[in-house]
Structure formats: structure tokens, C-alpha cells
file protein00.txt (compact mmCIF, C-alpha atoms)
# COMPACT_ATOMS: atom_id res chain seq x y z
CA MET Z 28 -116.32 -19.58 -9.14
CA ASP Z 29 -114.30 -18.12 -12.00
CA PRO Z 30 -116.63 -15.85 -14.06
CA LEU Z 31 -114.70 -16.69 -17.22
CA ASP Z 32 -115.29 -20.39 -16.56
CA ILE Z 33 -119.04 -19.71 -16.45
CA VAL Z 34 -118.89 -17.67 -19.65
CA SER Z 35 -116.93 -20.44 -21.41
CA LYS Z 36 -119.42 -23.09 -20.36
CA LEU Z 37 -122.34 -20.97 -21.58
CA ILE Z 38 -120.69 -20.34 -24.96
CA ILE Z 39 -119.92 -24.06 -25.36
CA ALA Z 40 -123.54 -24.88 -24.48
CA PHE Z 41 -124.83 -22.36 -27.05
CA VAL Z 42 -122.55 -23.68 -29.82
CA LEU Z 43 -123.50 -27.30 -29.08
CA PHE Z 44 -127.18 -26.33 -28.99
CA ILE Z 45 -127.01 -24.75 -32.47
CA ALA Z 46 -124.97 -27.70 -33.77
CA SER Z 47 -127.38 -30.26 -32.30
CA LEU Z 48 -130.39 -28.55 -33.89
CA SER Z 49 -128.71 -28.67 -37.28
CA ASP Z 50 -127.61 -32.28 -36.73
CA TYR Z 51 -131.12 -33.35 -35.77
CA LYS Z 52 -132.79 -31.66 -38.75
CA SER Z 53 -130.36 -32.56 -41.52
CA ARG Z 54 -127.42 -34.55 -40.06
CA GLU Z 55 -125.19 -31.74 -41.33
CA ILE Z 56 -123.45 -28.95 -39.40
CA ASP Z 57 -121.91 -25.89 -41.02
CA ASP Z 58 -118.23 -25.52 -40.09
CA LYS Z 59 -118.94 -21.85 -39.31
CA VAL Z 60 -120.75 -22.95 -36.15
CA TRP Z 61 -117.54 -24.40 -34.71
CA ILE Z 62 -115.30 -21.63 -36.08
CA LEU Z 63 -117.38 -18.72 -34.76
CA GLY Z 64 -117.72 -20.40 -31.39
CA SER Z 65 -113.99 -21.05 -31.21
CA ILE Z 66 -113.04 -17.36 -31.52
CA PRO Z 67 -114.28 -16.09 -28.12
CA LEU Z 68 -113.51 -19.41 -26.45
CA SER Z 69 -109.90 -19.33 -27.67
CA ILE Z 70 -109.41 -15.81 -26.29
CA ILE Z 71 -110.80 -16.84 -22.91
CA LEU Z 72 -108.76 -20.07 -22.87
CA ILE Z 73 -105.47 -18.31 -23.68
CA TYR Z 74 -106.10 -15.69 -21.00
CA ARG Z 75 -106.98 -18.28 -18.35
CA LEU Z 76 -103.86 -20.27 -19.18
CA TYR Z 77 -101.80 -17.07 -18.99
CA VAL Z 78 -103.08 -16.07 -15.54
CA GLY Z 79 -102.83 -19.65 -14.27
CA SER Z 80 -106.51 -20.26 -13.50
CA ILE Z 81 -106.24 -23.51 -15.46
CA ILE Z 82 -103.92 -26.29 -14.29
CA PHE Z 83 -101.98 -26.87 -17.51
CA PRO Z 84 -100.81 -30.51 -16.96
CA LEU Z 85 -104.38 -31.51 -16.06
CA TYR Z 86 -105.77 -29.63 -19.05
CA LEU Z 87 -103.19 -31.18 -21.38
CA ALA Z 88 -104.05 -34.70 -20.22
CA SER Z 89 -107.76 -34.01 -20.73
CA LEU Z 90 -107.11 -32.58 -24.19
CA ILE Z 91 -105.04 -35.60 -25.24
CA ILE Z 92 -107.84 -37.96 -24.18
CA SER Z 93 -110.35 -35.88 -26.13
CA ILE Z 94 -108.16 -35.97 -29.23
CA MET Z 95 -107.77 -39.75 -28.92
CA LEU Z 96 -111.54 -40.22 -28.59
CA ALA Z 97 -112.30 -37.89 -31.49
CA SER Z 98 -109.65 -39.52 -33.69
CA THR Z 99 -110.98 -43.01 -32.95
CA ILE Z 100 -114.49 -41.94 -33.91
CA TRP Z 101 -113.26 -40.19 -37.05
CA TYR Z 102 -111.11 -42.99 -38.41
CA THR Z 103 -113.35 -45.94 -37.50
CA GLY Z 104 -116.52 -44.29 -38.80
CA ILE Z 105 -118.58 -45.50 -35.82
CA MET Z 106 -119.98 -41.97 -35.62
CA GLY Z 107 -119.94 -38.99 -37.94
CA GLU Z 108 -117.38 -36.27 -38.52
CA ALA Z 109 -119.47 -33.71 -36.65
CA ASP Z 110 -119.61 -35.98 -33.60
CA ALA Z 111 -115.82 -36.23 -33.53
CA ILE Z 112 -115.53 -32.45 -33.88
CA ALA Z 113 -117.99 -31.93 -31.01
CA ILE Z 114 -115.94 -34.15 -28.71
CA PHE Z 115 -112.71 -32.37 -29.67
CA PHE Z 116 -114.45 -28.99 -29.25
CA ILE Z 117 -115.52 -29.84 -25.70
CA GLY Z 118 -112.12 -31.26 -24.79
CA LEU Z 119 -110.37 -28.15 -26.10
CA PHE Z 120 -112.50 -25.55 -24.34
CA TYR Z 121 -113.79 -27.37 -21.24
CA PRO Z 122 -110.71 -27.71 -19.00
CA PRO Z 123 -110.82 -29.86 -15.85
CA THR Z 124 -110.62 -28.34 -12.38
CA PRO Z 125 -109.06 -29.79 -9.20
CA LYS Z 126 -112.49 -31.08 -8.10
CA HIS Z 127 -112.49 -33.44 -11.09
CA LEU Z 128 -109.57 -35.30 -9.48
CA PHE Z 129 -111.97 -36.51 -6.78
CA SER Z 130 -114.45 -37.80 -9.34
CA LEU Z 131 -114.71 -41.19 -11.04
CA CYS Z 132 -114.63 -39.10 -14.22
CA PRO Z 133 -111.33 -37.23 -13.70
CA PHE Z 134 -111.69 -35.43 -17.04
CA PRO Z 135 -114.81 -33.52 -18.16
CA ILE Z 136 -114.99 -35.24 -21.53
CA ILE Z 137 -115.34 -38.62 -19.78
CA SER Z 138 -118.33 -37.29 -17.85
CA VAL Z 139 -119.84 -35.92 -21.06
CA ILE Z 140 -119.40 -39.27 -22.83
CA PHE Z 141 -120.97 -41.26 -19.98
CA ASN Z 142 -123.96 -38.92 -19.81
CA SER Z 143 -124.32 -39.05 -23.60
CA LEU Z 144 -124.35 -42.86 -23.51
CA ILE Z 145 -127.17 -42.79 -20.96
CA ILE Z 146 -129.21 -40.56 -23.29
CA ALA Z 147 -128.40 -42.85 -26.23
CA LEU Z 148 -129.58 -45.85 -24.19
CA ILE Z 149 -132.88 -44.11 -23.48
CA TYR Z 150 -133.24 -43.46 -27.23
CA ALA Z 151 -132.49 -47.13 -27.94
CA LEU Z 152 -135.28 -48.14 -25.55
CA TYR Z 153 -137.63 -45.75 -27.36
CA ASN Z 154 -136.63 -47.30 -30.69
CA LEU Z 155 -137.17 -50.77 -29.21
CA PHE Z 156 -140.70 -49.75 -28.22
CA LEU Z 157 -141.45 -48.52 -31.77
CA ASN Z 158 -140.24 -51.76 -33.36
CA ILE Z 159 -142.09 -53.95 -30.88
CA SER Z 160 -145.31 -52.06 -31.62
CA LYS Z 161 -144.79 -52.93 -35.32
CA LEU Z 162 -143.94 -56.53 -34.40
CA LYS Z 163 -147.36 -56.87 -32.78
CA LYS Z 164 -149.02 -55.92 -36.08
CA GLU Z 165 -146.89 -57.93 -38.52
CA ASN Z 166 -144.05 -60.45 -38.59
CA ILE Z 167 -141.18 -58.09 -39.37
CA PHE Z 168 -138.64 -60.94 -39.24
CA LYS Z 169 -140.58 -63.33 -41.48
CA GLU Z 170 -138.14 -63.38 -44.42
CA TYR Z 171 -134.91 -63.06 -42.46
CA GLU Z 172 -132.52 -65.83 -41.45
CA ILE Z 173 -130.97 -64.38 -38.31
CA SER Z 174 -130.44 -65.53 -34.73
CA LEU Z 175 -132.51 -64.51 -31.72
CA PHE Z 176 -129.66 -62.28 -30.53
CA ALA Z 177 -129.55 -60.55 -33.94
CA LYS Z 178 -133.29 -59.93 -33.75
CA ILE Z 179 -132.98 -58.33 -30.32
CA LEU Z 180 -130.06 -56.21 -31.55
CA ALA Z 181 -132.05 -55.12 -34.60
CA LEU Z 182 -135.04 -54.14 -32.48
CA ALA Z 183 -132.85 -51.88 -30.35
CA THR Z 184 -130.51 -50.39 -32.95
CA MET Z 185 -132.40 -50.46 -36.27
CA ARG Z 186 -135.83 -49.49 -37.47
CA TYR Z 187 -138.27 -51.33 -39.74
CA ILE Z 188 -139.49 -48.74 -42.25
CA ASP Z 189 -141.06 -48.43 -45.69
CA LYS Z 190 -139.78 -46.63 -48.78
CA LYS Z 191 -142.03 -43.64 -48.16
CA GLU Z 192 -140.46 -42.93 -44.78
CA TYR Z 193 -136.99 -43.59 -46.19
CA LYS Z 194 -137.41 -41.11 -49.04
CA ALA Z 195 -138.76 -38.48 -46.65
CA LYS Z 196 -135.83 -38.90 -44.26
CA LYS Z 197 -132.92 -40.19 -46.34
CA TYR Z 198 -130.48 -38.27 -44.13
CA MET Z 199 -131.61 -40.36 -41.18
CA TYR Z 200 -131.52 -43.94 -42.52
CA ALA Z 201 -129.26 -46.40 -44.33
CA PRO Z 202 -130.69 -49.72 -45.61
CA ALA Z 203 -129.10 -52.50 -43.58
CA GLU Z 204 -130.00 -55.74 -45.26
CA THR Z 205 -128.74 -57.96 -48.05
CA ARG Z 206 -129.46 -61.34 -49.61
CA LYS Z 207 -127.35 -64.46 -49.18
CA ASN Z 208 -128.31 -67.60 -51.06
CA GLY Z 209 -131.72 -66.12 -51.72
CA LYS Z 210 -132.36 -65.37 -48.04
CA LYS Z 211 -132.48 -61.95 -46.40
CA THR Z 212 -130.00 -61.11 -43.67
CA LEU Z 213 -129.14 -57.96 -41.74
CA LEU Z 214 -125.92 -55.93 -41.79
CA PHE Z 215 -124.71 -54.78 -38.39
CA ASN Z 216 -121.29 -53.48 -39.41
CA LEU Z 217 -122.36 -50.42 -41.40
CA THR Z 218 -120.36 -47.23 -40.85
CA VAL Z 219 -121.39 -43.65 -41.43
CA THR Z 220 -120.83 -43.01 -45.14
CA GLU Z 221 -121.96 -40.49 -47.69
CA GLU Z 222 -123.48 -43.08 -50.06
CA THR Z 223 -126.02 -45.74 -49.16
CA PRO Z 224 -127.66 -48.37 -51.40
CA GLU Z 225 -131.26 -48.00 -52.46
CA PRO Z 226 -133.66 -50.26 -50.52
CA PRO Z 227 -134.55 -53.42 -52.47
CA ASP Z 228 -138.08 -53.91 -51.10
CA GLU Z 229 -141.09 -51.86 -50.06
CA LYS Z 230 -140.36 -52.52 -46.37
CA PHE Z 231 -136.93 -53.13 -44.92
CA TRP Z 232 -134.63 -52.75 -41.93
CA ALA Z 233 -132.45 -49.65 -41.77
CA VAL Z 234 -129.69 -48.37 -39.55
CA ILE Z 235 -130.55 -45.06 -37.90
CA TYR Z 236 -128.04 -42.25 -38.23
CA LEU Z 237 -128.56 -41.11 -34.67
CA PRO Z 238 -128.26 -37.40 -33.81
CA TYR Z 239 -125.19 -38.00 -31.66
CA VAL Z 240 -124.38 -34.29 -31.40
CA LEU Z 241 -127.74 -33.85 -29.68
CA PHE Z 242 -126.80 -36.63 -27.26
CA ILE Z 243 -123.39 -35.02 -26.72
CA PHE Z 244 -125.04 -31.64 -26.07
CA THR Z 245 -127.38 -33.20 -23.52
CA GLY Z 246 -124.46 -35.08 -21.96
CA TYR Z 247 -122.53 -31.81 -21.69
CA ILE Z 248 -125.44 -30.03 -19.98
CA LEU Z 249 -125.73 -32.90 -17.50
CA SER Z 250 -121.97 -32.81 -16.95
CA ILE Z 251 -121.87 -29.12 -15.97
CA THR Z 252 -125.05 -29.29 -13.88
CA VAL Z 253 -125.20 -32.78 -12.37
CA GLY Z 254 -121.65 -34.06 -12.91
CA CYS Z 255 -120.36 -37.55 -13.57
CA PRO Z 256 -123.08 -40.23 -13.26
CA LEU Z 257 -120.54 -42.68 -11.83
CA ASP Z 258 -120.04 -40.43 -8.80
CA PHE Z 259 -123.51 -41.36 -7.59
CA LEU Z 260 -122.08 -44.82 -6.88
CA LEU Z 261 -119.94 -43.25 -4.17
CA LYS Z 262 -122.92 -41.75 -2.36
call {"tool": "encode", "arguments": {"input": "protein00.txt", "output": "C-alpha cells"}}
result
Amino acid sequence: MDPLDIVSKLIIAFVLFIASLSDYKSREIDDKVWILGSIPLSIILIYRLYVGSIIFPLYLASLIISIMLASTIWYTGIMGEADAIAIFFIGLFYPPTPKHLFSLCPFPIISVIFNSLIIALIYALYNLFLNISKLKKENIFKEYEISLFAKILALATMRYIDKKEYKAKKYMYAPAETRKNGKKTLLFNLTVTEETPEPPDEKFWAVIYLPYVLFIFTGYILSITVGCPLDFLLK
């Protein structure tokens, strides 16, 4: 195995680890984290391209896909700016190897995304458990006019909280309800924004600003150690 490939992967892991810690604690990541990590990785990448240890057409295709994914996330607002940067960062400095051509995830970033989604699903199940435990104690849908499907979606993707928890973790939540014709309803189309409305009631439903960089970091670690989860279908 190429020693420089190992060094690159370790540096990427370290940068993502620092970024994920910051993202989890405050939902903010200092640009210096990405910049300082990019310096040694750029030197290694340029050298590996120069000596031909990276297959350039394969790397270019992987980079283009990463840019497309990051751009989609950035412009649609489905995730935060830091999440888009993390995906671009991985795509830029984690080049594919010939063995990826025999995988159902031919580009590393695809493997990272799939693994990240699995982690996000586990988190959603955890959130579902928390909401159901509250549902057993009180009718958390009592004042809301929403369908059964909307209730299930809310249980998995939102959290029923009070103002005290919201004020303590404002960086983590965004109120996700409104009133229509005097009745409460939930908002499922919120995007990641800098400003969120103040909650109208003592208890309310809120969208969770998930620590996606932490999921991406975990997905990356799984990608370089276990590989693409889809490949297990071939075994």
C-alpha cells in the first residue's frame, strides 16, 4: 500500500474529527480547520499526481461527483455549509483506486455518503425512541391537525421540546410549527438558515440541526476500514 495514501487518509480523518467535534458542540466550524488540513494534503496530492500513483481520469470523475454533491447541498440548503465543505474536502483529497472499480460504490465519496446515511438512520431511530417515550407521558399531537404519516415523520425527524431546552441549545433546534385558521400544523420544508423564529408556546415541535459532519466523519472512517456497505450484497 502507498505510504502517502495512508498518511493522506489519517490527515483527512484528523481534520474531520476536529471539525465534527466543533460541529457537534456549536454547529460552527472555523475555516482554519479546513485550510490548515488542506496544506499538507495538497502537497501530497500534487506529488502523487506527478508520480502517477493516482489515476487522473478516475480521480477527476470522483472529484466532479463530489463537487456536484457539495453544490447541491449548498444551494438547496438541505444541509449546512460545513457539511458541503466536508464532502468537497473528502472528494478533493480522497482519490479512488482501481479496486473501487470493482465496488458498487465506484467512487470513495459515494461510499462515505452511504455509510453516513446509515449512521443518520440510526440517529433517527434514537430520536424516534425519545419522542415515543414522551408520547407515552402526554399527548404531544393533541393540538395539531396533521395526518398519521406527518406524525410518524415528525417522530423520526423532529423533537418535542420546551423553551428551556430550546434556549439552552438554540444552535441545535429550529421551531417547526405554525398556525393555520387557528390550528397548529408542522413545517417539514425548513432549510438550514441563520435566523429562526422564536417558539410561540412553552412546548413545541422543532427541527433538529443534525451534526452531519459527525455523520460524515463516521461514514469516512467506515469507508476506509470497512468499505462500501452495498458491497456486502455481493457476498
call {"tool": "closest_atom_pairs", "arguments": {"input": "protein00.txt", "of": "segment 156-175 of chain Z", "to": "segment 199-208 of chain Z", "cutoff": "12 Å", "atoms": "only C-alpha atoms", "output": "tab-separated table"}}
result
residue	atom	partner	partner_atom	distance
Z:Phe168	CA	Z:Glu204	CA	11.7
Z:Glu170	CA	Z:Arg206	CA	10.3
Z:Tyr171	CA	Z:Arg206	CA	9.2
Z:Glu172	CA	Z:Lys207	CA	9.4
Z:Ile173	CA	Z:Glu204	CA	11.1
call {"tool": "closest_residue", "arguments": {"input": "protein00.txt", "among": "Z:Ser143, Z:Thr124, Z:Thr103, Z:Ser174", "to": "Val240 of chain Z", "atoms": "only C-alpha atoms"}}
result
Z:Ser143
call {"tool": "closest_residue", "arguments": {"input": "protein00.txt", "among": "Z:Ser93, Z:Asn142, Z:Ser69, Z:Thr184", "to": "Phe242 of chain Z", "atoms": "all atoms listed in the file"}}
result
Z:Asn142
call {"tool": "residues_around", "arguments": {"input": "protein00.txt", "residues": "segment 108-115 of chain Z", "least_positions_apart": "6", "cutoff": "8 Å", "atoms": "all atoms listed in the file", "output": "PyMOL selection string"}}
result
chain Z and resi 43+55-56+90+93-94+96-98+100-101+136+239-240+243
call {"tool": "write_last_selection", "arguments": {"input": "protein00.txt", "atoms": "C-alpha atoms", "output": "PDB file, keeping the file's coordinate frame"}}
result
ATOM      1  CA  LEU Z  43    -123.500 -27.300 -29.080  1.00  0.00           C
ATOM      2  CA  GLU Z  55    -125.190 -31.740 -41.330  1.00  0.00           C
ATOM      3  CA  ILE Z  56    -123.450 -28.950 -39.400  1.00  0.00           C
ATOM      4  CA  LEU Z  90    -107.110 -32.580 -24.190  1.00  0.00           C
ATOM      5  CA  SER Z  93    -110.350 -35.880 -26.130  1.00  0.00           C
ATOM      6  CA  ILE Z  94    -108.160 -35.970 -29.230  1.00  0.00           C
ATOM      7  CA  LEU Z  96    -111.540 -40.220 -28.590  1.00  0.00           C
ATOM      8  CA  ALA Z  97    -112.300 -37.890 -31.490  1.00  0.00           C
ATOM      9  CA  SER Z  98    -109.650 -39.520 -33.690  1.00  0.00           C
ATOM     10  CA  ILE Z 100    -114.490 -41.940 -33.910  1.00  0.00           C
ATOM     11  CA  TRP Z 101    -113.260 -40.190 -37.050  1.00  0.00           C
ATOM     12  CA  ILE Z 136    -114.990 -35.240 -21.530  1.00  0.00           C
ATOM     13  CA  TYR Z 239    -125.190 -38.000 -31.660  1.00  0.00           C
ATOM     14  CA  VAL Z 240    -124.380 -34.290 -31.400  1.00  0.00           C
ATOM     15  CA  ILE Z 243    -123.390 -35.020 -26.720  1.00  0.00           C
TER      16      ILE Z 243
END
call {"tool": "residues_around", "arguments": {"input": "protein00.txt", "residues": "Ser47 of chain Z", "least_positions_apart": "3", "cutoff": "7 Å", "atoms": "all atoms listed in the file", "output": "number ranges by chain"}}
result
Z: 43-44, 50-51, 240-241, 244
call {"tool": "residues_near_point", "arguments": {"input": "protein00.txt", "point": "(-119.0, -38.6, -21.8)", "cutoff": "9 Å", "atoms": "only C-alpha atoms", "output": "VMD selection string"}}
result
chain Z and resid 114 132 135 to 144 243 246 to 247 250 255
call {"tool": "residues_around", "arguments": {"input": "protein00.txt", "residues": "Ile235 of chain Z", "least_positions_apart": "5", "cutoff": "12 Å", "atoms": "all atoms listed in the file", "output": "VMD selection string"}}
result
chain Z and resid 51 54 106 150 to 151 154 181 to 188 193 196 to 203 215 217 to 219
call {"tool": "closest_residue", "arguments": {"input": "protein00.txt", "among": "Z:Ser53, Z:Trp232, Z:Lys161, Z:Ser35", "to": "Ser65 of chain Z", "atoms": "all atoms listed in the file"}}
result
Z:Ser35
call {"tool": "atom_distance", "arguments": {"input": "protein00.txt", "atom1": "atom CA of Ile82 of chain Z", "atom2": "atom CA of Pro123 of chain Z"}}
result
7.9 Å
call {"tool": "atom_distance", "arguments": {"input": "protein00.txt", "atom1": "atom CA of Tyr236 of chain Z", "atom2": "atom CA of Gly104 of chain Z"}}
result
11.7 Å
call {"tool": "atom_distance", "arguments": {"input": "protein00.txt", "atom1": "atom CA of Glu229 of chain Z", "atom2": "atom CA of Lys52 of chain Z"}}
result
24.6 Å
call {"tool": "closest_residue", "arguments": {"input": "protein00.txt", "among": "Z:Ala40, Z:Leu155, Z:Pro125, Z:Lys190", "to": "Pro84 of chain Z", "atoms": "all atoms listed in the file"}}
result
Z:Pro125
call {"tool": "closest_residue", "arguments": {"input": "protein00.txt", "among": "Z:Thr245, Z:Lys169, Z:Val60, Z:Asp189", "to": "Lys211 of chain Z", "atoms": "all atoms listed in the file"}}
result
Z:Lys169
call {"tool": "closest_residue", "arguments": {"input": "protein00.txt", "among": "Z:Leu37, Z:Ala46, Z:Val78, Z:Ser130", "to": "Pro238 of chain Z", "atoms": "all atoms listed in the file"}}
result
Z:Ala46
call {"tool": "decode", "arguments": {"input": "protein00.txt", "residues": "segment 114-154 of chain Z", "atoms": "N, CA and C atoms", "output": "PDB file, in the first residue's frame"}}
result
ATOM      1  N   ILE Z 114     -17.855  17.352   2.380  1.00  0.00           N
ATOM      2  CA  ILE Z 114     -17.989  16.446   1.234  1.00  0.00           C
ATOM      3  C   ILE Z 114     -16.998  16.814   0.135  1.00  0.00           C
ATOM      4  N   PHE Z 115     -16.861  18.111  -0.139  1.00  0.00           N
ATOM      5  CA  PHE Z 115     -15.882  18.559  -1.134  1.00  0.00           C
ATOM      6  C   PHE Z 115     -14.464  18.229  -0.677  1.00  0.00           C
ATOM      7  N   PHE Z 116     -14.185  18.418   0.602  1.00  0.00           N
ATOM      8  CA  PHE Z 116     -12.863  18.153   1.175  1.00  0.00           C
ATOM      9  C   PHE Z 116     -12.475  16.688   0.974  1.00  0.00           C
ATOM     10  N   ILE Z 117     -13.405  15.795   1.255  1.00  0.00           N
ATOM     11  CA  ILE Z 117     -13.142  14.363   1.083  1.00  0.00           C
ATOM     12  C   ILE Z 117     -12.943  14.029  -0.391  1.00  0.00           C
ATOM     13  N   GLY Z 118     -13.808  14.563  -1.243  1.00  0.00           N
ATOM     14  CA  GLY Z 118     -13.698  14.293  -2.674  1.00  0.00           C
ATOM     15  C   GLY Z 118     -12.399  14.794  -3.266  1.00  0.00           C
ATOM     16  N   LEU Z 119     -11.894  15.908  -2.739  1.00  0.00           N
ATOM     17  CA  LEU Z 119     -10.661  16.501  -3.255  1.00  0.00           C
ATOM     18  C   LEU Z 119      -9.425  15.711  -2.854  1.00  0.00           C
ATOM     19  N   PHE Z 120      -9.412  15.215  -1.626  1.00  0.00           N
ATOM     20  CA  PHE Z 120      -8.188  14.600  -1.100  1.00  0.00           C
ATOM     21  C   PHE Z 120      -8.270  13.084  -0.887  1.00  0.00           C
ATOM     22  N   TYR Z 121      -9.391  12.478  -1.243  1.00  0.00           N
ATOM     23  CA  TYR Z 121      -9.532  11.019  -1.103  1.00  0.00           C
ATOM     24  C   TYR Z 121      -9.765  10.428  -2.490  1.00  0.00           C
ATOM     25  N   PRO Z 122      -8.694  10.244  -3.270  1.00  0.00           N
ATOM     26  CA  PRO Z 122      -8.836   9.752  -4.644  1.00  0.00           C
ATOM     27  C   PRO Z 122      -9.180   8.266  -4.692  1.00  0.00           C
ATOM     28  N   PRO Z 123      -9.934   7.851  -5.693  1.00  0.00           N
ATOM     29  CA  PRO Z 123     -10.267   6.427  -5.837  1.00  0.00           C
ATOM     30  C   PRO Z 123      -9.067   5.630  -6.331  1.00  0.00           C
ATOM     31  N   THR Z 124      -9.092   4.353  -6.079  1.00  0.00           N
ATOM     32  CA  THR Z 124      -8.056   3.437  -6.555  1.00  0.00           C
ATOM     33  C   THR Z 124      -8.707   2.426  -7.497  1.00  0.00           C
ATOM     34  N   PRO Z 125      -7.917   1.659  -8.253  1.00  0.00           N
ATOM     35  CA  PRO Z 125      -8.509   0.673  -9.169  1.00  0.00           C
ATOM     36  C   PRO Z 125      -9.479  -0.294  -8.498  1.00  0.00           C
ATOM     37  N   LYS Z 126      -9.252  -0.603  -7.214  1.00  0.00           N
ATOM     38  CA  LYS Z 126     -10.145  -1.557  -6.530  1.00  0.00           C
ATOM     39  C   LYS Z 126     -11.567  -1.009  -6.397  1.00  0.00           C
ATOM     40  N   HIS Z 127     -11.700   0.321  -6.408  1.00  0.00           N
ATOM     41  CA  HIS Z 127     -13.031   0.918  -6.318  1.00  0.00           C
ATOM     42  C   HIS Z 127     -13.879   0.596  -7.551  1.00  0.00           C
ATOM     43  N   LEU Z 128     -13.225   0.288  -8.671  1.00  0.00           N
ATOM     44  CA  LEU Z 128     -13.955  -0.030  -9.898  1.00  0.00           C
ATOM     45  C   LEU Z 128     -14.731  -1.332  -9.771  1.00  0.00           C
ATOM     46  N   PHE Z 129     -14.325  -2.178  -8.823  1.00  0.00           N
ATOM     47  CA  PHE Z 129     -14.995  -3.461  -8.614  1.00  0.00           C
ATOM     48  C   PHE Z 129     -15.994  -3.384  -7.457  1.00  0.00           C
ATOM     49  N   SER Z 130     -16.290  -2.177  -7.037  1.00  0.00           N
ATOM     50  CA  SER Z 130     -17.221  -1.950  -5.934  1.00  0.00           C
ATOM     51  C   SER Z 130     -18.527  -1.371  -6.459  1.00  0.00           C
ATOM     52  N   LEU Z 131     -19.607  -1.564  -5.707  1.00  0.00           N
ATOM     53  CA  LEU Z 131     -20.881  -0.930  -6.048  1.00  0.00           C
ATOM     54  C   LEU Z 131     -20.842   0.565  -5.745  1.00  0.00           C
ATOM     55  N   CYS Z 132     -19.789   0.986  -5.054  1.00  0.00           N
ATOM     56  CA  CYS Z 132     -19.515   2.413  -4.828  1.00  0.00           C
ATOM     57  C   CYS Z 132     -18.197   2.724  -5.539  1.00  0.00           C
ATOM     58  N   PRO Z 133     -18.233   2.996  -6.844  1.00  0.00           N
ATOM     59  CA  PRO Z 133     -17.001   3.161  -7.618  1.00  0.00           C
ATOM     60  C   PRO Z 133     -16.167   4.375  -7.231  1.00  0.00           C
ATOM     61  N   PHE Z 134     -16.766   5.295  -6.468  1.00  0.00           N
ATOM     62  CA  PHE Z 134     -16.032   6.474  -6.014  1.00  0.00           C
ATOM     63  C   PHE Z 134     -16.115   6.557  -4.492  1.00  0.00           C
ATOM     64  N   PRO Z 135     -15.015   6.878  -3.829  1.00  0.00           N
ATOM     65  CA  PRO Z 135     -14.995   6.900  -2.361  1.00  0.00           C
ATOM     66  C   PRO Z 135     -16.089   7.748  -1.728  1.00  0.00           C
ATOM     67  N   ILE Z 136     -16.385   8.897  -2.327  1.00  0.00           N
ATOM     68  CA  ILE Z 136     -17.377   9.786  -1.731  1.00  0.00           C
ATOM     69  C   ILE Z 136     -18.755   9.130  -1.681  1.00  0.00           C
ATOM     70  N   ILE Z 137     -19.044   8.244  -2.645  1.00  0.00           N
ATOM     71  CA  ILE Z 137     -20.326   7.524  -2.638  1.00  0.00           C
ATOM     72  C   ILE Z 137     -20.388   6.589  -1.435  1.00  0.00           C
ATOM     73  N   SER Z 138     -19.270   5.904  -1.172  1.00  0.00           N
ATOM     74  CA  SER Z 138     -19.191   5.021  -0.012  1.00  0.00           C
ATOM     75  C   SER Z 138     -19.359   5.807   1.281  1.00  0.00           C
ATOM     76  N   VAL Z 139     -18.712   6.967   1.355  1.00  0.00           N
ATOM     77  CA  VAL Z 139     -18.815   7.820   2.542  1.00  0.00           C
ATOM     78  C   VAL Z 139     -20.264   8.252   2.769  1.00  0.00           C
ATOM     79  N   ILE Z 140     -20.934   8.666   1.696  1.00  0.00           N
ATOM     80  CA  ILE Z 140     -22.322   9.123   1.802  1.00  0.00           C
ATOM     81  C   ILE Z 140     -23.235   7.995   2.279  1.00  0.00           C
ATOM     82  N   PHE Z 141     -23.096   6.802   1.694  1.00  0.00           N
ATOM     83  CA  PHE Z 141     -23.937   5.673   2.089  1.00  0.00           C
ATOM     84  C   PHE Z 141     -23.732   5.331   3.565  1.00  0.00           C
ATOM     85  N   ASN Z 142     -22.473   5.284   3.989  1.00  0.00           N
ATOM     86  CA  ASN Z 142     -22.190   4.987   5.395  1.00  0.00           C
ATOM     87  C   ASN Z 142     -22.746   6.068   6.315  1.00  0.00           C
ATOM     88  N   SER Z 143     -22.649   7.322   5.878  1.00  0.00           N
ATOM     89  CA  SER Z 143     -23.171   8.441   6.669  1.00  0.00           C
ATOM     90  C   SER Z 143     -24.686   8.345   6.820  1.00  0.00           C
ATOM     91  N   LEU Z 144     -25.355   7.930   5.749  1.00  0.00           N
ATOM     92  CA  LEU Z 144     -26.813   7.786   5.790  1.00  0.00           C
ATOM     93  C   LEU Z 144     -27.241   6.694   6.769  1.00  0.00           C
ATOM     94  N   ILE Z 145     -26.441   5.637   6.852  1.00  0.00           N
ATOM     95  CA  ILE Z 145     -26.739   4.565   7.804  1.00  0.00           C
ATOM     96  C   ILE Z 145     -26.651   5.098   9.232  1.00  0.00           C
ATOM     97  N   ILE Z 146     -25.603   5.889   9.501  1.00  0.00           N
ATOM     98  CA  ILE Z 146     -25.447   6.490  10.829  1.00  0.00           C
ATOM     99  C   ILE Z 146     -26.602   7.445  11.118  1.00  0.00           C
ATOM    100  N   ALA Z 147     -26.988   8.235  10.112  1.00  0.00           N
ATOM    101  CA  ALA Z 147     -28.105   9.178  10.279  1.00  0.00           C
ATOM    102  C   ALA Z 147     -29.406   8.433  10.572  1.00  0.00           C
ATOM    103  N   LEU Z 148     -29.589   7.269   9.930  1.00  0.00           N
ATOM    104  CA  LEU Z 148     -30.785   6.455  10.170  1.00  0.00           C
ATOM    105  C   LEU Z 148     -30.813   5.949  11.609  1.00  0.00           C
ATOM    106  N   ILE Z 149     -29.657   5.529  12.106  1.00  0.00           N
ATOM    107  CA  ILE Z 149     -29.566   5.079  13.498  1.00  0.00           C
ATOM    108  C   ILE Z 149     -29.928   6.221  14.450  1.00  0.00           C
ATOM    109  N   TYR Z 150     -29.455   7.429  14.120  1.00  0.00           N
ATOM    110  CA  TYR Z 150     -29.777   8.609  14.937  1.00  0.00           C
ATOM    111  C   TYR Z 150     -31.276   8.894  14.892  1.00  0.00           C
ATOM    112  N   ALA Z 151     -31.879   8.725  13.710  1.00  0.00           N
ATOM    113  CA  ALA Z 151     -33.320   8.956  13.564  1.00  0.00           C
ATOM    114  C   ALA Z 151     -34.111   7.973  14.431  1.00  0.00           C
ATOM    115  N   LEU Z 152     -33.648   6.729  14.498  1.00  0.00           N
ATOM    116  CA  LEU Z 152     -34.307   5.728  15.338  1.00  0.00           C
ATOM    117  C   LEU Z 152     -34.181   6.100  16.816  1.00  0.00           C
ATOM    118  N   TYR Z 153     -33.019   6.635  17.183  1.00  0.00           N
ATOM    119  CA  TYR Z 153     -32.809   7.105  18.561  1.00  0.00           C
ATOM    120  C   TYR Z 153     -33.762   8.255  18.876  1.00  0.00           C
ATOM    121  N   ASN Z 154     -33.902   9.184  17.927  1.00  0.00           N
ATOM    122  CA  ASN Z 154     -34.807  10.319  18.109  1.00  0.00           C
ATOM    123  C   ASN Z 154     -36.256   9.847  18.202  1.00  0.00           C
TER     124      ASN Z 154
END
